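Asks: What follows is start_26.txt, made up of compact mmCIF, C-alpha atoms and all ligand atoms:
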```txt
# COMPACT_ATOMS: atom_id res chain seq x y z
CA MET P 418 5.56 20.47 3.63
CA LYS P 419 6.87 17.31 1.96
CA ILE P 420 5.26 15.53 -0.97
CA ILE P 421 5.73 11.76 -0.89
CA PHE P 422 5.95 10.38 -4.42
CA HIS P 423 7.47 7.52 -6.41
CA SER P 424 7.71 7.44 -10.22
CA LYS P 425 6.12 3.94 -10.13
CA PHE P 426 2.81 5.66 -9.24
CA LYS P 427 2.68 6.79 -12.88
CA ASP P 428 2.32 3.14 -13.94
CA VAL P 429 -1.11 2.01 -15.10
CA TYR P 430 -1.58 -1.00 -12.76
CA ALA P 431 -5.33 -1.59 -13.30
CA SER P 432 -8.21 -0.56 -15.57
CA ASP P 433 -10.03 1.68 -13.07
CA PRO P 434 -10.27 5.52 -12.98
CA ALA P 435 -7.76 5.84 -10.13
CA ALA P 436 -5.15 3.98 -12.19
CA LYS P 437 -5.70 5.95 -15.42
CA ALA P 438 -2.75 7.23 -17.44
CA GLY P 439 -1.98 10.90 -16.86
CA ARG P 440 -3.65 11.18 -13.44
CA MET P 441 -0.43 11.54 -11.44
CA GLU P 442 1.10 13.75 -14.13
CA ALA P 443 -1.87 16.14 -13.84
CA ILE P 444 -1.04 16.63 -10.16
CA LEU P 445 2.75 16.66 -10.55
CA LYS P 446 2.48 19.47 -13.09
CA GLU P 447 1.03 21.73 -10.37
CA LEU P 448 3.37 20.72 -7.55
CA GLU P 449 6.79 20.27 -9.15
CA GLY P 450 9.20 23.09 -8.36
CA LYS P 451 6.92 24.36 -5.59
CA TYR P 452 7.28 21.61 -2.98
CA ASP P 453 10.03 19.17 -1.91
CA PHE P 454 9.53 15.56 -2.97
CA VAL P 455 10.64 12.45 -1.08
CA GLU P 456 10.49 8.81 -2.19
CA PRO P 457 8.86 6.12 -0.02
CA GLU P 458 9.97 2.53 0.63
CA PRO P 459 7.38 -0.22 0.10
CA ALA P 460 5.33 -1.32 3.12
CA THR P 461 6.46 -4.70 4.48
CA GLN P 462 4.32 -7.82 5.01
CA GLN P 463 4.40 -7.03 8.73
CA ASP P 464 3.05 -3.53 8.06
CA LEU P 465 0.20 -4.90 5.93
CA LYS P 466 -0.67 -7.68 8.38
CA ARG P 467 -1.57 -5.19 11.11
CA VAL P 468 -4.73 -4.32 9.16
CA HIS P 469 -5.20 -7.06 6.52
CA SER P 470 -5.63 -10.83 6.52
CA GLN P 471 -2.92 -13.00 4.98
CA ARG P 472 -5.59 -14.25 2.58
CA HIS P 473 -6.26 -10.72 1.34
CA ILE P 474 -2.55 -9.89 1.01
CA ASP P 475 -1.98 -13.11 -0.97
CA SER P 476 -4.93 -12.34 -3.25
CA ILE P 477 -3.32 -9.01 -4.25
CA ARG P 478 0.09 -10.65 -4.59
CA LYS P 479 -1.24 -12.83 -7.42
CA ASN P 480 -0.76 -9.72 -9.57
CA PRO P 481 2.92 -8.82 -8.97
CA HIS P 482 2.80 -5.42 -10.72
CA LEU P 483 -0.24 -4.33 -8.74
CA TYR P 484 1.25 -5.72 -5.51
CA GLU P 485 4.50 -3.79 -6.00
CA ILE P 486 2.69 -0.48 -6.48
CA ALA P 487 0.12 -1.14 -3.73
CA CYS P 488 2.98 -1.80 -1.26
CA LEU P 489 4.70 1.42 -2.35
CA SER P 490 1.44 3.30 -1.92
CA ALA P 491 1.01 2.01 1.65
CA GLY P 492 4.69 2.80 2.23
CA GLY P 493 4.00 6.36 1.07
CA ALA P 494 1.31 6.75 3.73
CA ILE P 495 3.72 5.34 6.35
CA LEU P 496 6.41 7.86 5.41
CA ALA P 497 3.91 10.74 5.47
CA SER P 498 2.75 9.71 8.95
CA GLU P 499 6.31 9.38 10.25
CA LEU P 500 7.25 12.82 8.93
CA ALA P 501 4.11 14.27 10.53
CA MET P 502 5.15 12.83 13.90
CA LYS P 503 8.52 14.56 13.50
CA GLY P 504 6.77 17.88 12.97
CA GLN P 505 6.94 17.85 9.17
CA PRO P 506 3.46 18.12 7.59
CA SER P 507 3.24 15.97 4.50
CA PHE P 508 1.06 14.87 1.62
CA ALA P 509 1.30 11.35 0.18
CA LEU P 510 0.77 11.65 -3.57
CA ILE P 511 0.08 7.94 -3.95
CA ARG P 512 -2.08 5.42 -5.77
CA PRO P 513 -3.87 3.02 -5.60
CA PRO P 514 -6.11 4.72 -3.02
CA GLY P 515 -7.02 2.83 0.15
CA HIS P 516 -10.13 3.83 2.08
CA HIS P 517 -12.38 1.09 0.62
CA ALA P 518 -9.97 -1.66 1.75
CA SER P 519 -11.14 -3.62 4.81
CA TYR P 520 -9.41 -6.40 6.76
CA ASP P 521 -10.22 -9.21 4.35
CA SER P 522 -11.57 -7.49 1.23
CA SER P 523 -11.35 -4.40 -0.94
CA TRP P 524 -13.29 -2.66 -3.71
CA GLY P 525 -13.70 0.83 -5.24
CA PHE P 526 -10.21 0.97 -6.87
CA CYS P 527 -8.57 0.24 -3.46
CA PHE P 528 -6.37 -2.73 -2.48
CA PHE P 529 -4.52 -2.01 0.77
CA ASN P 530 -5.77 0.59 3.23
CA ASN P 531 -2.85 3.02 3.11
CA ILE P 532 -3.92 5.37 5.90
CA ALA P 533 -4.84 2.43 8.16
CA VAL P 534 -1.48 0.73 7.56
CA ALA P 535 0.27 3.99 8.53
CA LEU P 536 -1.74 4.63 11.71
CA ALA P 537 -1.62 0.98 12.83
CA LYS P 538 2.18 1.13 12.55
CA LEU P 539 2.37 4.33 14.64
CA LYS P 540 0.10 2.68 17.20
CA ALA P 541 2.12 -0.58 17.28
CA GLU P 542 5.28 1.45 17.87
CA ASN P 543 3.59 3.33 20.72
CA LYS P 544 4.02 6.64 18.91
CA ILE P 545 0.30 7.42 19.13
CA LYS P 546 -2.72 6.44 21.18
CA LYS P 547 -5.48 8.57 19.74
CA ALA P 548 -5.85 9.77 16.17
CA LEU P 549 -8.52 11.40 14.06
CA ILE P 550 -9.00 10.43 10.43
CA LEU P 551 -10.86 13.07 8.48
CA ASP P 552 -12.07 11.71 5.14
CA ILE P 553 -12.99 14.46 2.65
CA ASP P 554 -13.48 12.09 -0.30
CA LEU P 555 -16.92 12.00 -1.91
CA HIS P 556 -17.36 8.40 -0.76
CA PHE P 557 -17.58 6.92 2.74
CA GLY P 558 -14.36 5.07 3.57
CA ASP P 559 -16.00 1.85 4.69
CA GLY P 560 -12.66 0.05 4.88
CA THR P 561 -11.10 2.58 7.24
CA ALA P 562 -14.25 2.76 9.36
CA ASN P 563 -14.35 -1.07 9.59
CA ILE P 564 -10.69 -1.45 10.51
CA PHE P 565 -10.77 1.09 13.34
CA ALA P 566 -14.30 0.48 14.67
CA GLY P 567 -14.27 0.50 18.47
CA THR P 568 -10.67 1.77 18.75
CA GLU P 569 -9.13 5.07 19.77
CA ILE P 570 -8.56 5.91 16.14
CA ARG P 571 -11.65 7.82 15.17
CA TYR P 572 -13.01 8.04 11.62
CA PHE P 573 -15.10 10.96 10.40
CA HIS P 574 -16.63 11.44 6.94
CA PRO P 575 -18.62 14.68 6.64
CA GLU P 576 -21.61 14.68 4.31
CA ALA P 577 -23.60 17.79 3.42
CA ASP P 578 -25.50 19.19 0.46
CA LYS P 579 -23.73 22.56 0.42
CA SER P 580 -20.03 23.30 0.59
CA GLU P 581 -20.50 25.78 3.50
CA GLU P 582 -22.22 23.07 5.54
CA PHE P 583 -19.52 20.57 4.60
CA ILE P 584 -16.82 22.95 5.88
CA GLU P 585 -18.82 23.66 9.06
CA LEU P 586 -19.01 19.94 9.80
CA ILE P 587 -15.23 19.68 9.48
CA GLU P 588 -14.78 22.71 11.71
CA SER P 589 -16.97 21.25 14.43
CA VAL P 590 -15.27 17.85 14.54
CA LEU P 591 -11.86 19.50 14.70
CA GLN P 592 -12.75 21.39 17.86
CA LYS P 593 -13.96 18.52 19.97
CA GLU P 594 -11.00 16.54 21.25
CA ILE P 595 -7.23 16.32 21.61
CA TYR P 596 -5.39 13.76 19.44
CA ASP P 597 -1.84 12.60 18.83
CA VAL P 598 -2.09 13.08 15.08
CA LEU P 599 -4.57 14.22 12.44
CA ALA P 600 -4.72 12.10 9.29
CA VAL P 601 -6.65 13.13 6.19
CA SER P 602 -8.03 10.83 3.51
CA ALA P 603 -7.82 13.48 0.82
CA GLY P 604 -10.14 12.60 -2.04
CA PHE P 605 -10.90 15.22 -4.66
CA ASP P 606 -13.91 13.57 -6.33
CA ARG P 607 -16.20 15.96 -4.42
CA GLY P 608 -14.87 18.78 -6.63
CA VAL P 609 -17.16 21.08 -8.62
CA GLU P 610 -15.92 19.66 -11.92
CA ASP P 611 -15.51 16.12 -10.59
CA TRP P 612 -18.08 13.44 -9.72
CA GLY P 613 -19.56 15.15 -6.66
CA GLY P 614 -19.90 18.65 -8.13
CA GLN P 615 -19.54 20.40 -4.78
CA LEU P 616 -16.18 21.84 -3.67
CA SER P 617 -14.29 24.62 -5.47
CA SER P 618 -10.51 25.06 -5.43
CA GLU P 619 -11.05 27.84 -2.87
CA ASP P 620 -12.99 25.39 -0.70
CA TYR P 621 -10.06 22.94 -0.85
CA PHE P 622 -7.71 25.72 0.26
CA THR P 623 -10.09 26.63 3.10
CA ILE P 624 -10.30 23.01 4.24
CA GLY P 625 -6.51 22.60 4.15
CA ARG P 626 -6.06 25.80 6.15
CA LEU P 627 -8.71 24.76 8.67
CA ILE P 628 -6.92 21.44 9.19
CA LYS P 629 -3.56 23.19 9.66
CA GLN P 630 -4.94 25.68 12.18
CA SER P 631 -6.90 23.05 14.09
CA ALA P 632 -3.94 20.64 14.14
CA GLU P 633 -1.91 23.31 15.89
CA LYS P 634 -4.55 23.37 18.64
CA ILE P 635 -5.54 19.70 18.94
CA CYS P 636 -2.45 17.64 18.02
CA GLN P 637 0.69 19.81 18.23
CA GLY P 638 0.47 20.55 14.51
CA ARG P 639 1.00 16.90 13.53
CA ARG P 640 -0.86 16.38 10.28
CA PHE P 641 -0.59 14.41 7.07
CA ALA P 642 -2.84 13.62 4.14
CA VAL P 643 -2.99 10.79 1.64
CA LEU P 644 -4.56 10.91 -1.80
CA GLU P 645 -7.76 8.92 -2.27
CA GLY P 646 -10.15 9.70 -5.19
CA GLY P 647 -10.33 12.54 -7.73
CA TYR P 648 -10.83 11.77 -11.40
CA ASN P 649 -11.10 14.85 -13.59
CA HIS P 650 -7.51 15.36 -14.71
CA LYS P 651 -8.32 18.89 -15.89
CA VAL P 652 -8.93 20.18 -12.35
CA LEU P 653 -7.36 17.55 -10.09
CA GLY P 654 -3.91 19.17 -9.93
CA LYS P 655 -5.33 22.60 -9.18
CA ASN P 656 -7.50 21.24 -6.36
CA VAL P 657 -4.71 19.15 -4.84
CA LYS P 658 -2.40 22.16 -4.90
CA ALA P 659 -5.02 24.41 -3.31
CA PHE P 660 -5.49 21.88 -0.50
CA ILE P 661 -1.74 21.49 0.07
CA ASP P 662 -1.22 25.26 0.00
CA GLY P 663 -3.82 25.49 2.77
CA LEU P 664 -2.38 22.59 4.75
CA SER P 665 1.20 23.90 4.67
ZN ZN G 701 -14.24 8.59 -3.83
```
Starting from the coordinates I provided, produce the structure as structure tokens.
Ligand SMILES: [Zn+2]
Replies:
Amino acid sequence: MKIIFHSKFKDVYASDPAAKAGRMEAILKELEGKYDFVEPEPATQQDLKRVHSQRHIDSIRKNPHLYEIACLSAGGAILASELAMKGQPSFALIRPPGHHASYDSSWGFCFFNNIAVALAKLKAENKIKKALILDIDLHFGDGTANIFAGTEIRYFHPEADKSEEFIELIESVLQKEIYDVLAVSAGFDRGVEDWGGQLSSEDYFTIGRLIKQSAEKICQGRRFAVLEGGYNHKVLGKNVKAFIDGLS
């Protein structure tokens, strides 16, 4: 298991909860010394243009600090996906998040759609045909769903009132089809002590383990996850680590 991280992700690039000071540090504290870290390169214009309009890219570029970090974040998802294809499961510890970024717009603390940039690159390079994106964030990833609507890259966002039902929904979707890779939009804002008040650390471990075991059956073990939401710094690191421990 590799953790993709760049020290620039510690920068406060905006005034939203995903960009808050101390958020990355809360996760690093739990992972450092336990997992190997690798640094990403920024995504290129060509990478971004597979899923975003030039107008949208230029609108983000008006803020050079934000643009630099948003490109690194998308580059982190690319590296995670490339490692996954080489048989190395990986977790992109990146920000800003991406799943609310559509072709020509973005909202909800997102700017570029990191997971979409990564999968579109794999697809353009003929490394994959079919992929499943499992989004465990509290919120529906409208950007990701929009970008891949009608394609062989399937998007699934489980919603349930109880954690057992939530896990059952994940289990059922992971049994249905064969894919080339399994990509996870890993948001932690569904946590018991986070906005959604639903999933415990044990649940995050269970979900990570379920994804690992299913990936071995449906996509030759190829799996990667990218960070989306998760805002309570007191529990975020613990939940991220539990998920990664399950996934690895
Ligand atoms: Zn969210």
Asks: Can you check which parts of stretch 428-538 of chain P lie within 12 Å of stretch 613-636 of chain P? Per residue, the shortest pair of atoms and distance in Å to one decimal, counting only C-alpha atoms, sorted by chain and number, as a tab-separated table.
Replies:
```
residue	atom	partner	partner_atom	distance
P:Ala501	CA	P:Cys636	CA	10.5
P:Met502	CA	P:Cys636	CA	9.9
P:Gly504	CA	P:Cys636	CA	10.5
P:Gln505	CA	P:Lys629	CA	11.8
P:Pro506	CA	P:Lys629	CA	8.9
P:Ser507	CA	P:Lys629	CA	11.2
P:Phe508	CA	P:Gly625	CA	11.1
```
Asks: Keeping only C-alpha atoms, write the selected residues to a file as a JSON list (two decimals), keeping the file's coordinate frame.
Replies:
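Wrote it out as part_2.json, contents follow:
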```
[["chain", "number", "residue", "atom", "x", "y", "z"],
["P", 501, "ALA", "CA", 4.11, 14.27, 10.53],
["P", 502, "MET", "CA", 5.15, 12.83, 13.90],
["P", 504, "GLY", "CA", 6.77, 17.88, 12.97],
["P", 505, "GLN", "CA", 6.94, 17.85, 9.17],
["P", 506, "PRO", "CA", 3.46, 18.12, 7.59],
["P", 507, "SER", "CA", 3.24, 15.97, 4.50],
["P", 508, "PHE", "CA", 1.06, 14.87, 1.62]]
```
Asks: List all protein, DNA and RNA residues that have at least one atom no more than 7 Å from any atom of ligand ZN 701 (chain G), counting all atoms listed in the file, and write them as a short mmCIF file (atom, residue, chain, number, x, y, z; two decimals) with C-alpha atoms, keeping the file's coordinate frame.
Replies:
```cif
data_model
loop_
_atom_site.label_atom_id
_atom_site.label_comp_id
_atom_site.auth_asym_id
_atom_site.auth_seq_id
_atom_site.Cartn_x
_atom_site.Cartn_y
_atom_site.Cartn_z
CA ASP P 554 -13.48 12.09 -0.30
CA LEU P 555 -16.92 12.00 -1.91
CA HIS P 556 -17.36 8.40 -0.76
CA GLY P 604 -10.14 12.60 -2.04
CA ASP P 606 -13.91 13.57 -6.33
CA GLU P 645 -7.76 8.92 -2.27
CA GLY P 646 -10.15 9.70 -5.19
CA GLY P 647 -10.33 12.54 -7.73
#
```
Asks: Can you find the residues with an atom no farther than 9 Å from (-15.2, 15.1, -11.9), counting all atoms listed in the file, and report them as a short mmCIF file (atom, residue, chain, number, x, y, z; two decimals) with C-alpha atoms, in the frame of the given file?
Replies:
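selection20.cif was written with the following content:
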```cif
data_model
loop_
_atom_site.label_atom_id
_atom_site.label_comp_id
_atom_site.auth_asym_id
_atom_site.auth_seq_id
_atom_site.Cartn_x
_atom_site.Cartn_y
_atom_site.Cartn_z
CA PHE P 605 -10.90 15.22 -4.66
CA ASP P 606 -13.91 13.57 -6.33
CA ARG P 607 -16.20 15.96 -4.42
CA GLY P 608 -14.87 18.78 -6.63
CA VAL P 609 -17.16 21.08 -8.62
CA GLU P 610 -15.92 19.66 -11.92
CA ASP P 611 -15.51 16.12 -10.59
CA TRP P 612 -18.08 13.44 -9.72
CA GLY P 613 -19.56 15.15 -6.66
CA GLY P 614 -19.90 18.65 -8.13
CA GLY P 647 -10.33 12.54 -7.73
CA TYR P 648 -10.83 11.77 -11.40
CA ASN P 649 -11.10 14.85 -13.59
CA HIS P 650 -7.51 15.36 -14.71
CA LYS P 651 -8.32 18.89 -15.89
CA VAL P 652 -8.93 20.18 -12.35
CA LEU P 653 -7.36 17.55 -10.09
#
```
Asks: Do you know which residues are at most 10 Å from stretch 517-533 of chain P counting only C-alpha atoms, after dropping those on the same chain fewer than 6 positions away, and could you put them as JSON, numbers by chain?
Replies: {"P": [431, 432, 433, 434, 435, 436, 460, 464, 465, 466, 467, 468, 469, 470, 471, 472, 473, 474, 476, 477, 483, 484, 487, 488, 489, 490, 491, 492, 493, 494, 495, 497, 498, 509, 511, 539, 550, 556, 557, 558, 559, 560, 561, 562, 563, 564, 565, 570, 600, 601, 602, 641, 642, 643, 644, 645, 646]}
Asks: Go ahead and write the selection's residues with C-alpha atoms as a PDB file, in the coordinates of the input.
Replies:
```pdb
ATOM      1  CA  ALA P 431      -5.330  -1.590 -13.300  1.00  0.00           C
ATOM      2  CA  SER P 432      -8.210  -0.560 -15.570  1.00  0.00           C
ATOM      3  CA  ASP P 433     -10.030   1.680 -13.070  1.00  0.00           C
ATOM      4  CA  PRO P 434     -10.270   5.520 -12.980  1.00  0.00           C
ATOM      5  CA  ALA P 435      -7.760   5.840 -10.130  1.00  0.00           C
ATOM      6  CA  ALA P 436      -5.150   3.980 -12.190  1.00  0.00           C
ATOM      7  CA  ALA P 460       5.330  -1.320   3.120  1.00  0.00           C
ATOM      8  CA  ASP P 464       3.050  -3.530   8.060  1.00  0.00           C
ATOM      9  CA  LEU P 465       0.200  -4.900   5.930  1.00  0.00           C
ATOM     10  CA  LYS P 466      -0.670  -7.680   8.380  1.00  0.00           C
ATOM     11  CA  ARG P 467      -1.570  -5.190  11.110  1.00  0.00           C
ATOM     12  CA  VAL P 468      -4.730  -4.320   9.160  1.00  0.00           C
ATOM     13  CA  HIS P 469      -5.200  -7.060   6.520  1.00  0.00           C
ATOM     14  CA  SER P 470      -5.630 -10.830   6.520  1.00  0.00           C
ATOM     15  CA  GLN P 471      -2.920 -13.000   4.980  1.00  0.00           C
ATOM     16  CA  ARG P 472      -5.590 -14.250   2.580  1.00  0.00           C
ATOM     17  CA  HIS P 473      -6.260 -10.720   1.340  1.00  0.00           C
ATOM     18  CA  ILE P 474      -2.550  -9.890   1.010  1.00  0.00           C
ATOM     19  CA  SER P 476      -4.930 -12.340  -3.250  1.00  0.00           C
ATOM     20  CA  ILE P 477      -3.320  -9.010  -4.250  1.00  0.00           C
ATOM     21  CA  LEU P 483      -0.240  -4.330  -8.740  1.00  0.00           C
ATOM     22  CA  TYR P 484       1.250  -5.720  -5.510  1.00  0.00           C
ATOM     23  CA  ALA P 487       0.120  -1.140  -3.730  1.00  0.00           C
ATOM     24  CA  CYS P 488       2.980  -1.800  -1.260  1.00  0.00           C
ATOM     25  CA  LEU P 489       4.700   1.420  -2.350  1.00  0.00           C
ATOM     26  CA  SER P 490       1.440   3.300  -1.920  1.00  0.00           C
ATOM     27  CA  ALA P 491       1.010   2.010   1.650  1.00  0.00           C
ATOM     28  CA  GLY P 492       4.690   2.800   2.230  1.00  0.00           C
ATOM     29  CA  GLY P 493       4.000   6.360   1.070  1.00  0.00           C
ATOM     30  CA  ALA P 494       1.310   6.750   3.730  1.00  0.00           C
ATOM     31  CA  ILE P 495       3.720   5.340   6.350  1.00  0.00           C
ATOM     32  CA  ALA P 497       3.910  10.740   5.470  1.00  0.00           C
ATOM     33  CA  SER P 498       2.750   9.710   8.950  1.00  0.00           C
ATOM     34  CA  ALA P 509       1.300  11.350   0.180  1.00  0.00           C
ATOM     35  CA  ILE P 511       0.080   7.940  -3.950  1.00  0.00           C
ATOM     36  CA  LEU P 539       2.370   4.330  14.640  1.00  0.00           C
ATOM     37  CA  ILE P 550      -9.000  10.430  10.430  1.00  0.00           C
ATOM     38  CA  HIS P 556     -17.360   8.400  -0.760  1.00  0.00           C
ATOM     39  CA  PHE P 557     -17.580   6.920   2.740  1.00  0.00           C
ATOM     40  CA  GLY P 558     -14.360   5.070   3.570  1.00  0.00           C
ATOM     41  CA  ASP P 559     -16.000   1.850   4.690  1.00  0.00           C
ATOM     42  CA  GLY P 560     -12.660   0.050   4.880  1.00  0.00           C
ATOM     43  CA  THR P 561     -11.100   2.580   7.240  1.00  0.00           C
ATOM     44  CA  ALA P 562     -14.250   2.760   9.360  1.00  0.00           C
ATOM     45  CA  ASN P 563     -14.350  -1.070   9.590  1.00  0.00           C
ATOM     46  CA  ILE P 564     -10.690  -1.450  10.510  1.00  0.00           C
ATOM     47  CA  PHE P 565     -10.770   1.090  13.340  1.00  0.00           C
ATOM     48  CA  ILE P 570      -8.560   5.910  16.140  1.00  0.00           C
ATOM     49  CA  ALA P 600      -4.720  12.100   9.290  1.00  0.00           C
ATOM     50  CA  VAL P 601      -6.650  13.130   6.190  1.00  0.00           C
ATOM     51  CA  SER P 602      -8.030  10.830   3.510  1.00  0.00           C
ATOM     52  CA  PHE P 641      -0.590  14.410   7.070  1.00  0.00           C
ATOM     53  CA  ALA P 642      -2.840  13.620   4.140  1.00  0.00           C
ATOM     54  CA  VAL P 643      -2.990  10.790   1.640  1.00  0.00           C
ATOM     55  CA  LEU P 644      -4.560  10.910  -1.800  1.00  0.00           C
ATOM     56  CA  GLU P 645      -7.760   8.920  -2.270  1.00  0.00           C
ATOM     57  CA  GLY P 646     -10.150   9.700  -5.190  1.00  0.00           C
TER      58      GLY P 646
END
```
Asks: Quick one: distance from atom CA of P:Glu458 to atom CA of P:Pro513 in Å, one decimal?
Replies: 15.2 Å
Asks: For atom CA of P:Glu585 and atom CA of P:Ile420, determine how far apart the two atoms are, in Å to one decimal place.
Replies: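 Taking atom CA of P:Glu585 and atom CA of P:Ile420, their separation equals 27.3 Å.
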Asks: Could you please determine the separation between atom CA of P:Ala537 and atom CA of P:Pro575 in Å, to one decimal place?
Replies: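 So the two atoms, atom CA of P:Ala537 and atom CA of P:Pro575, lie 22.7 Å apart.
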Asks: Could I get stretch 494-569 of chain P from the block written as a compact mmCIF listing (two decimals), in the first residue's frame, with C-alpha atoms?
Replies:
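See result-v7.txt below for the written result:
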```txt
# COMPACT_ATOMS: atom_id res chain seq x y z
CA ALA P 494 -5.09 10.63 -8.19
CA ILE P 495 -3.29 9.86 -11.47
CA LEU P 496 -0.31 8.38 -9.62
CA ALA P 497 -2.58 6.31 -7.36
CA SER P 498 -4.41 4.92 -10.41
CA GLU P 499 -1.16 4.10 -12.22
CA LEU P 500 0.22 2.28 -9.17
CA ALA P 501 -3.05 0.34 -8.87
CA MET P 502 -2.72 -0.81 -12.49
CA LYS P 503 0.78 -2.08 -11.67
CA GLY P 504 -0.62 -4.15 -8.82
CA GLN P 505 0.20 -1.69 -6.05
CA PRO P 506 -2.91 -0.64 -4.09
CA SER P 507 -2.73 3.01 -3.14
CA PHE P 508 -4.43 5.85 -1.33
CA ALA P 509 -4.17 9.43 -2.58
CA LEU P 510 -4.02 11.67 0.49
CA ILE P 511 -4.87 14.78 -1.50
CA ARG P 512 -6.84 18.01 -1.40
CA PRO P 513 -8.79 19.84 -2.76
CA PRO P 514 -11.33 17.02 -3.18
CA GLY P 515 -12.91 16.47 -6.60
CA HIS P 516 -16.24 14.66 -6.83
CA HIS P 517 -18.37 17.83 -7.13
CA ALA P 518 -16.39 19.04 -10.17
CA SER P 519 -18.20 18.63 -13.50
CA TYR P 520 -17.03 19.36 -17.05
CA ASP P 521 -17.59 23.11 -16.93
CA SER P 522 -18.25 23.91 -13.27
CA SER P 523 -17.45 22.95 -9.70
CA TRP P 524 -18.75 23.54 -6.18
CA GLY P 525 -18.65 21.91 -2.71
CA PHE P 526 -14.93 22.63 -2.03
CA CYS P 527 -13.97 20.87 -5.32
CA PHE P 528 -12.18 22.36 -8.36
CA PHE P 529 -10.88 19.59 -10.63
CA ASN P 530 -12.37 16.10 -10.56
CA ASN P 531 -9.32 14.15 -9.41
CA ILE P 532 -10.71 10.62 -9.77
CA ALA P 533 -12.20 11.45 -13.19
CA VAL P 534 -8.91 12.92 -14.43
CA ALA P 535 -7.14 9.70 -13.36
CA LEU P 536 -9.64 7.29 -14.95
CA ALA P 537 -9.95 9.33 -18.16
CA LYS P 538 -6.16 9.14 -18.52
CA LEU P 539 -6.13 5.36 -18.04
CA LYS P 540 -8.92 5.10 -20.61
CA ALA P 541 -7.17 7.39 -23.13
CA GLU P 542 -4.03 5.27 -22.81
CA ASN P 543 -6.07 2.10 -23.41
CA LYS P 544 -5.11 0.73 -20.01
CA ILE P 545 -8.75 0.23 -19.01
CA LYS P 546 -12.15 -0.15 -20.64
CA LYS P 547 -14.46 -0.66 -17.70
CA ALA P 548 -14.12 0.76 -14.21
CA LEU P 549 -16.26 1.06 -11.12
CA ILE P 550 -16.16 4.17 -8.97
CA LEU P 551 -17.47 3.55 -5.49
CA ASP P 552 -18.16 6.82 -3.67
CA ILE P 553 -18.45 6.40 0.12
CA ASP P 554 -18.56 10.14 0.86
CA LEU P 555 -21.66 11.47 2.61
CA HIS P 556 -22.54 13.49 -0.50
CA PHE P 557 -23.47 12.37 -4.01
CA GLY P 558 -20.57 13.03 -6.39
CA ASP P 559 -22.60 14.86 -9.02
CA GLY P 560 -19.46 15.89 -10.91
CA THR P 561 -18.18 12.34 -11.30
CA ALA P 562 -21.63 11.03 -12.21
CA ASN P 563 -22.03 13.80 -14.83
CA ILE P 564 -18.62 13.26 -16.40
CA PHE P 565 -19.02 9.51 -16.86
CA ALA P 566 -22.77 9.33 -17.61
CA GLY P 567 -23.40 6.87 -20.43
CA THR P 568 -19.84 5.48 -20.44
CA GLU P 569 -18.28 2.21 -19.34
```
